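Source file: entry10.cif (mmCIF, C-alpha atoms)
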data_upload
#
loop_
_atom_site.group_PDB
_atom_site.id
_atom_site.type_symbol
_atom_site.label_atom_id
_atom_site.label_comp_id
_atom_site.auth_asym_id
_atom_site.auth_seq_id
_atom_site.Cartn_x
_atom_site.Cartn_y
_atom_site.Cartn_z
ATOM 1 C CA ASP A 1 0.000 0.000 0.000
ATOM 2 C CA ILE A 2 2.741 2.464 0.923
ATOM 3 C CA GLY A 3 4.560 1.961 -2.387
ATOM 4 C CA ILE A 4 1.383 2.609 -4.348
ATOM 5 C CA TRP A 5 0.600 5.611 -2.155
ATOM 6 C CA GLU A 6 4.091 7.044 -2.670
ATOM 7 C CA ALA A 7 3.895 6.487 -6.430
ATOM 8 C CA LYS A 8 0.546 8.246 -6.669
ATOM 9 C CA ASN A 9 1.661 11.181 -4.565
ATOM 10 C CA SER A 10 5.284 11.673 -5.566
ATOM 11 C CA ASN A 11 4.537 14.647 -7.838
ATOM 12 C CA ARG A 12 1.946 16.506 -5.793
ATOM 13 C CA ASP A 13 1.523 18.290 -2.501
ATOM 14 C CA VAL A 14 0.235 15.873 0.126
ATOM 15 C CA SER A 15 -2.058 17.321 2.778
ATOM 16 C CA LEU A 16 -5.332 16.615 4.530
ATOM 17 C CA LEU A 17 -6.994 19.107 2.205
ATOM 18 C CA ASP A 18 -6.583 16.595 -0.613
ATOM 19 C CA LYS A 19 -9.578 14.234 -0.525
ATOM 20 C CA ASP A 20 -7.658 11.224 -1.915
ATOM 21 C CA THR A 21 -4.832 11.659 0.584
ATOM 22 C CA ARG A 22 -7.312 12.039 3.424
ATOM 23 C CA ASN A 23 -9.218 8.919 2.349
ATOM 24 C CA MET A 24 -6.003 6.870 2.048
ATOM 25 C CA LEU A 25 -4.891 8.024 5.491
ATOM 26 C CA LEU A 26 -8.302 7.212 6.939
ATOM 27 C CA ASN A 27 -8.278 3.743 5.326
ATOM 28 C CA ASP A 28 -4.786 3.063 6.659
ATOM 29 C CA ALA A 29 -5.794 4.253 10.132
ATOM 30 C CA VAL A 30 -8.870 1.980 10.131
ATOM 31 C CA GLU A 31 -6.741 -0.940 8.956
ATOM 32 C CA LEU A 32 -4.111 -0.251 11.639
ATOM 33 C CA ASN A 33 -6.804 0.025 14.286
ATOM 34 C CA GLY A 34 -8.261 -3.319 13.230
ATOM 35 C CA PHE A 35 -4.841 -4.961 13.211
ATOM 36 C CA LEU A 36 -3.974 -3.660 16.670
ATOM 37 C CA SER A 37 -7.355 -4.721 18.020
ATOM 38 C CA GLN A 38 -6.793 -8.235 16.670
ATOM 39 C CA ARG A 39 -3.242 -8.297 18.068
ATOM 40 C CA ILE A 40 -4.512 -7.306 21.527
ATOM 41 C CA ALA A 41 -7.051 -10.143 21.419
ATOM 42 C CA GLU A 42 -4.320 -12.592 20.387
ATOM 43 C CA MET A 43 -1.957 -11.431 23.124
ATOM 44 C CA LYS A 44 -4.666 -11.733 25.768
ATOM 45 C CA SER A 45 -5.411 -15.301 24.827
ATOM 46 C CA SER A 46 -2.997 -17.768 26.367
ATOM 47 C CA SER A 47 -3.353 -20.588 23.872
ATOM 48 C CA HIS A 48 -0.530 -22.913 22.907
ATOM 49 C CA LEU A 49 -0.855 -21.746 19.271
ATOM 50 C CA ASN A 50 -0.341 -18.129 20.347
ATOM 51 C CA GLU A 51 2.843 -19.082 22.195
ATOM 52 C CA GLN A 52 4.130 -20.999 19.166
ATOM 53 C CA LEU A 53 3.390 -18.027 16.850
ATOM 54 C CA ARG A 54 5.203 -15.748 19.266
ATOM 55 C CA LEU A 55 8.279 -17.982 19.279
ATOM 56 C CA ASP A 56 8.348 -18.061 15.451
ATOM 57 C CA ALA A 57 8.003 -14.262 15.157
ATOM 58 C CA ASP A 58 10.869 -11.868 14.606
ATOM 59 C CA GLU A 59 12.605 -10.144 17.530
ATOM 60 C CA GLY A 60 10.492 -6.934 17.354
ATOM 61 C CA VAL A 61 7.251 -8.879 17.759
ATOM 62 C CA LYS A 62 8.657 -11.095 20.517
ATOM 63 C CA THR A 63 9.633 -8.136 22.700
ATOM 64 C CA THR A 64 6.404 -6.182 22.211
ATOM 65 C CA THR A 65 4.231 -6.183 25.327
ATOM 66 C CA LEU A 66 0.470 -6.075 25.597
ATOM 67 C CA GLU A 67 0.715 -2.615 27.171
ATOM 68 C CA THR A 68 2.696 -1.322 24.188
ATOM 69 C CA VAL A 69 0.153 -2.662 21.700
ATOM 70 C CA GLU A 70 -2.715 -1.225 23.759
ATOM 71 C CA SER A 71 -0.926 2.144 23.786
ATOM 72 C CA PHE A 72 -0.543 2.016 19.986
ATOM 73 C CA PHE A 73 -4.218 1.091 19.727
ATOM 74 C CA GLN A 74 -5.256 4.116 21.809
ATOM 75 C CA ILE A 75 -3.107 6.384 19.628
ATOM 76 C CA SER A 76 -4.607 4.964 16.440
ATOM 77 C CA GLN A 77 -8.110 5.313 17.900
ATOM 78 C CA SER A 78 -7.367 8.943 18.771
ATOM 79 C CA LEU A 79 -6.174 9.530 15.209
ATOM 80 C CA LEU A 80 -9.385 8.010 13.833
ATOM 81 C CA ASP A 81 -11.518 10.096 16.185
ATOM 82 C CA THR A 82 -9.699 13.242 15.075
ATOM 83 C CA LEU A 83 -9.951 12.457 11.364
ATOM 84 C CA MET A 84 -13.633 11.623 11.659
ATOM 85 C CA ALA A 85 -14.584 14.521 13.958
ATOM 86 C CA GLU A 86 -17.553 16.474 12.669
ATOM 87 C CA ASP A 87 -15.830 19.818 13.215
ATOM 88 C CA LEU A 88 -12.838 18.783 11.097
ATOM 89 C CA GLN A 89 -15.111 17.387 8.382
ATOM 90 C CA ASN A 90 -17.083 20.650 8.278
ATOM 91 C CA LEU A 91 -13.917 22.759 8.090
ATOM 92 C CA LEU A 92 -12.494 20.616 5.300
ATOM 93 C CA MET A 93 -15.780 20.802 3.395
ATOM 94 C CA ILE A 94 -15.827 24.587 3.703
ATOM 95 C CA LYS A 95 -12.182 24.823 2.628
ATOM 96 C CA GLN A 96 -12.726 22.612 -0.418
ATOM 97 C CA ASN A 97 -15.958 24.190 -1.516
ATOM 98 C CA GLY A 98 -15.640 27.934 -2.038
ATOM 99 C CA ALA A 99 -19.352 28.254 -2.838
ATOM 100 C CA SER A 100 -20.184 26.844 0.569
ATOM 101 C CA LEU A 101 -17.913 29.397 2.199
ATOM 102 C CA ASP A 102 -19.521 32.180 0.148
ATOM 103 C CA ARG A 103 -22.996 31.025 1.269
ATOM 104 C CA LEU A 104 -21.847 30.979 4.876
ATOM 105 C CA VAL A 105 -20.394 34.501 4.599
ATOM 106 C CA HIS A 106 -23.573 35.752 2.889
ATOM 107 C CA SER A 107 -25.726 34.187 5.599
ATOM 108 C CA LEU A 108 -23.632 35.812 8.330
ATOM 109 C CA GLU A 109 -23.846 39.185 6.574
ATOM 110 C CA GLN A 110 -27.649 38.862 6.405
ATOM 111 C CA GLN A 111 -27.797 38.009 10.094
ATOM 112 C CA ARG A 112 -25.600 40.987 10.905
ATOM 113 C CA SER A 113 -27.856 43.236 8.834
ATOM 114 C CA SER A 114 -30.890 41.904 10.704
ATOM 115 C CA VAL A 115 -29.203 42.574 14.038
ATOM 116 C CA ASP A 116 -28.415 46.130 12.947
ATOM 117 C CA LYS A 117 -32.062 46.656 11.921
ATOM 118 C CA PHE A 118 -33.244 45.290 15.275
ATOM 119 C CA ARG A 119 -30.895 47.634 17.109
ATOM 120 C CA GLN A 120 -32.178 50.551 15.075
ATOM 121 C CA SER A 121 -35.785 49.546 15.847
ATOM 122 C CA ILE A 122 -34.961 49.239 19.537
ATOM 123 C CA ASN A 123 -33.423 52.726 19.539
ATOM 124 C CA GLN A 124 -36.532 54.122 17.830
ATOM 125 C CA LEU A 125 -38.797 52.368 20.334
ATOM 126 C CA GLU A 126 -36.741 53.701 23.241
ATOM 127 C CA ALA A 127 -37.076 57.233 21.836
ATOM 128 C CA LYS A 128 -40.850 56.808 21.458
ATOM 129 C CA CYS A 129 -41.057 55.361 24.963
ATOM 130 C CA SER A 130 -39.247 58.422 26.291
ATOM 131 C CA GLN A 131 -41.666 60.701 24.422
ATOM 132 C CA ILE A 132 -44.639 58.779 25.814
ATOM 133 C CA LYS A 133 -43.263 59.123 29.359
ATOM 134 C CA GLN A 134 -42.874 62.867 28.820
ATOM 135 C CA ILE A 135 -46.442 63.168 27.517
ATOM 136 C CA SER A 136 -47.671 61.013 30.427
ATOM 137 C CA VAL A 137 -46.037 63.366 32.945
ATOM 138 C CA GLU A 138 -47.616 66.378 31.218
ATOM 139 C CA LEU A 139 -51.051 64.719 31.148
ATOM 140 C CA ARG A 140 -50.840 63.845 34.849
ATOM 141 C CA LYS A 141 -50.139 67.503 35.641
ATOM 142 C CA LYS A 142 -53.128 68.553 33.538
ATOM 143 C CA ILE A 143 -55.346 65.952 35.220
ATOM 144 C CA GLU A 144 -54.233 67.140 38.649
ATOM 145 C CA ASN A 145 -55.012 70.746 37.649
ATOM 146 C CA LEU A 146 -58.430 69.700 36.325
ATOM 147 C CA GLN A 147 -59.143 67.750 39.508
ATOM 148 C CA LYS A 148 -58.285 70.819 41.586
ATOM 149 C CA LYS A 149 -60.516 73.013 39.444
ATOM 150 C CA TYR A 150 -63.281 70.429 39.468
ATOM 151 C CA SER A 151 -63.148 69.996 43.228
ATOM 152 C CA GLY A 152 -63.276 73.808 43.571
ATOM 153 C CA VAL A 153 -66.214 74.060 41.178
ATOM 154 C CA GLU A 154 -67.929 71.109 42.872
ATOM 155 C CA GLY A 155 -67.564 72.772 46.277
ATOM 156 C CA LYS A 156 -69.048 76.050 44.947
ATOM 157 C CA PHE A 157 -71.886 74.106 43.288
ATOM 158 C CA ARG A 158 -72.743 72.314 46.536
ATOM 159 C CA GLU A 159 -72.753 75.602 48.454
ATOM 160 C CA SER A 160 -75.020 77.245 45.922
ATOM 161 C CA SER A 161 -77.433 74.328 45.876
ATOM 162 C CA LYS A 162 -77.923 74.393 49.658
#
Is it possible to express this structure as structure tokens?
Amino acid sequence: DIGIWEAKNSNRDVSLLDKDTRNMLLNDAVELNGFLSQRIAEMKSSSHLNEQLRLDADEGVKTTTLETVESFFQISQSLLDTLMAEDLQNLLMIKQNGASLDRLVHSLEQQRSSVDKFRQSINQLEAKCSQIKQISVELRKKIENLQKKYSGVEGKFRESSK
């Protein structure tokens, strides 16, 4: 696999932004994860066949401990989780698709425009509210004056009707 991968990618920039490179890396990570998972299961079993396979293996495999393989497995699982994370997928999709980015920018600009209009409306409503409070104060004064005049007129009317 590595030879084919190197041959395909020898003349181009290799990065996660390239869909083929990303897919090959993801496939390799899944394969590695599966291999390590299988190796952990084999190492945990204590069968005679497992011991014989271990004796026939090369020196690197013989000296590898279960803890080391489990550590590699956790690293490969972390790599898979990172590569498959929704946030990363969304960012890569936006980066690859300029139209998507343009739509996102346009949507944000519309939302900002709406917020500005709401702020403007709120300022207008606050100004009208202030005017209404001013008129309310003036009307209360007029009502108080009318009540005083009315009570004075009412008192004179009662005296004259007696």
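CA of Arg119 (chain A) to CA of Leu101 (chain A) spans 26.9 Å [interatomic distance, one decimal].
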As a check of understanding, name the residues that the PyMOL selection byres ((chain A and resi 36) around 9) selects in the supplied structure, as a PDB file with C-alpha atoms, in the coordinates of the input.
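The result, stored in part.pdb:
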ATOM      1  CA  GLU A  31      -6.741  -0.940   8.956  1.00  0.00           C
ATOM      2  CA  LEU A  32      -4.111  -0.251  11.639  1.00  0.00           C
ATOM      3  CA  ASN A  33      -6.804   0.025  14.286  1.00  0.00           C
ATOM      4  CA  GLY A  34      -8.261  -3.319  13.230  1.00  0.00           C
ATOM      5  CA  PHE A  35      -4.841  -4.961  13.211  1.00  0.00           C
ATOM      6  CA  SER A  37      -7.355  -4.721  18.020  1.00  0.00           C
ATOM      7  CA  GLN A  38      -6.793  -8.235  16.670  1.00  0.00           C
ATOM      8  CA  ARG A  39      -3.242  -8.297  18.068  1.00  0.00           C
ATOM      9  CA  ILE A  40      -4.512  -7.306  21.527  1.00  0.00           C
ATOM     10  CA  ALA A  41      -7.051 -10.143  21.419  1.00  0.00           C
ATOM     11  CA  VAL A  69       0.153  -2.662  21.700  1.00  0.00           C
ATOM     12  CA  GLU A  70      -2.715  -1.225  23.759  1.00  0.00           C
ATOM     13  CA  PHE A  72      -0.543   2.016  19.986  1.00  0.00           C
ATOM     14  CA  PHE A  73      -4.218   1.091  19.727  1.00  0.00           C
ATOM     15  CA  SER A  76      -4.607   4.964  16.440  1.00  0.00           C
TER      16      SER A  76
END
Excluding Met93 (chain A) and any residue of its chain fewer than 4 positions from it, enumerate the residues within 12 Å of it, using all atoms listed in the file, and give them as a PDB file with C-alpha atoms, keeping the file's coordinate frame.
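To be explicit, this is the file written out as selection-v7.pdb:
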ATOM      1  CA  LEU A  16      -5.332  16.615   4.530  1.00  0.00           C
ATOM      2  CA  LEU A  17      -6.994  19.107   2.205  1.00  0.00           C
ATOM      3  CA  ASP A  18      -6.583  16.595  -0.613  1.00  0.00           C
ATOM      4  CA  LYS A  19      -9.578  14.234  -0.525  1.00  0.00           C
ATOM      5  CA  GLU A  86     -17.553  16.474  12.669  1.00  0.00           C
ATOM      6  CA  ASP A  87     -15.830  19.818  13.215  1.00  0.00           C
ATOM      7  CA  LEU A  88     -12.838  18.783  11.097  1.00  0.00           C
ATOM      8  CA  GLN A  89     -15.111  17.387   8.382  1.00  0.00           C
ATOM      9  CA  ASN A  97     -15.958  24.190  -1.516  1.00  0.00           C
ATOM     10  CA  GLY A  98     -15.640  27.934  -2.038  1.00  0.00           C
ATOM     11  CA  ALA A  99     -19.352  28.254  -2.838  1.00  0.00           C
ATOM     12  CA  SER A 100     -20.184  26.844   0.569  1.00  0.00           C
ATOM     13  CA  LEU A 101     -17.913  29.397   2.199  1.00  0.00           C
ATOM     14  CA  LEU A 104     -21.847  30.979   4.876  1.00  0.00           C
TER      15      LEU A 104
END
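Candidate residues A:Leu66, A:Ala29, A:Val137, A:Met43 were compared for distance to Ser78 (chain A), and the nearest is A:Ala29, using all atoms listed in the file.
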For Leu26 (chain A), find every residue with an atom within 9 Å (counting only C-alpha atoms), except residues of its own chain fewer than 4 positions away, and show them as a PDB file with C-alpha atoms, in the frame of the given file.
ATOM      1  CA  THR A  21      -4.832  11.659   0.584  1.00  0.00           C
ATOM      2  CA  ARG A  22      -7.312  12.039   3.424  1.00  0.00           C
ATOM      3  CA  VAL A  30      -8.870   1.980  10.131  1.00  0.00           C
ATOM      4  CA  GLU A  31      -6.741  -0.940   8.956  1.00  0.00           C
ATOM      5  CA  LEU A  79      -6.174   9.530  15.209  1.00  0.00           C
ATOM      6  CA  LEU A  80      -9.385   8.010  13.833  1.00  0.00           C
ATOM      7  CA  LEU A  83      -9.951  12.457  11.364  1.00  0.00           C
ATOM      8  CA  MET A  84     -13.633  11.623  11.659  1.00  0.00           C
TER       9      MET A  84
END
